[in-house]
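Note sheet for the following structure.
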Amino acid sequence: AGSSNIVLPYEFYFGPNDYRTLKSYDQKYEKIIPLGGWMVGWFSRLVIIPCFDFLGKFISNYGLVILLMTLLIKLILSPLTIKSYKSTAKMQVIKPEIDKLNEKYPNEKDAMKKQQAMMDLYQKAGISPMGGCLPMLLQMPILFAMFRFFPASIELRQQSFLWVDDLSAYDSILELPFKIPLYGDHVSLFAILVALTMYFYSKSMLDQQGGDANMMPGMRAMQLYFMPIMMLFICNNLSSALSYYYMLSNLITMGLTWVIRKFFVDEEKILAQIQASKA
């Protein structure tokens with residue numbers, strides 16, 4: 001009051017949207033980076049970003065950084081993957097017993113009796129009905145964290161890898177003279193590879209589980225064809241780093257599934273345990 005001079009403490013930042021740099025000012029500037037909601041953002045800030053920065057100190061090629069980070073995440077999650085696969089393997093082993101229960105209780109009025117009999121069968125076999133789904137649900141925050149992290153990472157701008165010129169943008173091996181609705185006016189090779197790896201992974205899982213007998217044709221077609229095609233359309237316009245991660249994740253999961261099936265799951269032993277429990 002009574003003075004013509006007013007001082008306002010404004011502060012301007014001109015620089016890259018780098019998470020560590022923004023956070024160092026202690027003004028919450030880092031919130032401008034879209035890392036997702038509280039759970040996804042929490043995982044990105046405490047796990048994904050430190051891991052990415054640590055690997056980036058020693059490796060200049062970000063394609064290799066993404067490869068190593070994907071391997072590390074899959075290794076950490078391997079106990080959940082093993083648990084999920086074991087549950088799936090046990091369900092496949094007891095399928096003949098489930099078929100017998102379906103024949104014994106064909107009417108809807110016996111649905112409660114059939115449900116109780118199935119729960120008793122699960123208990124004897126040491127199977128949790130949510131054993132196959134729960135581990136996969138726990139991995140969903142990681143999937144969403146990656147979906148947010150890669151497009152927001154300024155470190156990937158203008159970083160080339162293989163045929164990609166910019167890992168922060170979509171890759172294009174062919175420019176189309178027209179635009180396809182929901183797809184775009186270009187063809188992304190990484191999007192095609194994501195769709196192919198998802199198809200082969202789904203096919204291997206369905207074949208292993210006896211998909212033809214276990215599910216309706218429509219459900220099999222949706223898992224085998226609809227999901228890969230949907231990912232083809234989605235990934236065509238995503239950052240190539242994200243599509244590359246999805247492709248690596250599918251390939252590593254297929255490799256882990258083979259290792260688990262070969263060395264961690266003994267179906268004959270599981271069947272013997274079920275028979276012993278029934279006796």
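Labels for the structure tokens follow display order: chains A, B, ..., residues from 1 in each chain, ligands from 1.
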field: Ser172 (chain A) environment, 8 Å, only C-alpha atoms, sequence neighbours closer than 5 positions dropped, as a PyMOL selection string
entry: chain A and resi 164+186-189
query: What's the 10 Å shell around region 139-143 of chain A, counting only C-alpha atoms, without same-chain residues fewer than 6 positions away, as a PyMOL selection string?
result: chain A and resi 36-37+39-44+47-48+73+77+80-81+149+245-246+249
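For region 75-218 of chain A, backbone-based DSSP labels the following residues as strand (DSSP E or B): Phe161, Val164, Leu174, Glu175, Leu176, Pro177, Phe178, Lys179, Ile180, Gly184, Asp185, His186 and Val187 of chain A.
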Taking C-alpha atoms for each residue, export the selection above as a PDB file, in the first residue's frame.
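Written out: out-v1.pdb:
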```pdb
ATOM      1  CA  PHE A 161      16.255 -48.364 -33.865  1.00  0.00           C
ATOM      2  CA  VAL A 164      12.448 -46.821 -36.898  1.00  0.00           C
ATOM      3  CA  LEU A 174       4.441 -47.837 -46.300  1.00  0.00           C
ATOM      4  CA  GLU A 175       2.511 -44.590 -46.800  1.00  0.00           C
ATOM      5  CA  LEU A 176      -1.007 -45.178 -48.122  1.00  0.00           C
ATOM      6  CA  PRO A 177      -2.606 -42.832 -50.693  1.00  0.00           C
ATOM      7  CA  PHE A 178      -5.808 -42.888 -48.644  1.00  0.00           C
ATOM      8  CA  LYS A 179      -6.828 -43.030 -44.982  1.00  0.00           C
ATOM      9  CA  ILE A 180      -8.481 -46.109 -43.485  1.00  0.00           C
ATOM     10  CA  GLY A 184      -4.603 -44.426 -40.578  1.00  0.00           C
ATOM     11  CA  ASP A 185      -2.782 -43.642 -43.795  1.00  0.00           C
ATOM     12  CA  HIS A 186       0.354 -45.686 -43.144  1.00  0.00           C
ATOM     13  CA  VAL A 187       1.434 -49.241 -42.329  1.00  0.00           C
TER      14      VAL A 187
END
```
field: Best match for closeness to Leu101 (chain A) among A:Leu75, A:Met118, A:Trp38, A:Leu248, counting only C-alpha atoms
entry: A:Met118
message: What's the separation between CA of Pro79 (chain A) and CA of Leu256 (chain A), in Å to one decimal place?
response: 10.8 Å
statement: note - CA of Tyr201 (chain A) and CA of Asn250 (chain A) are separated by 7.0 Å
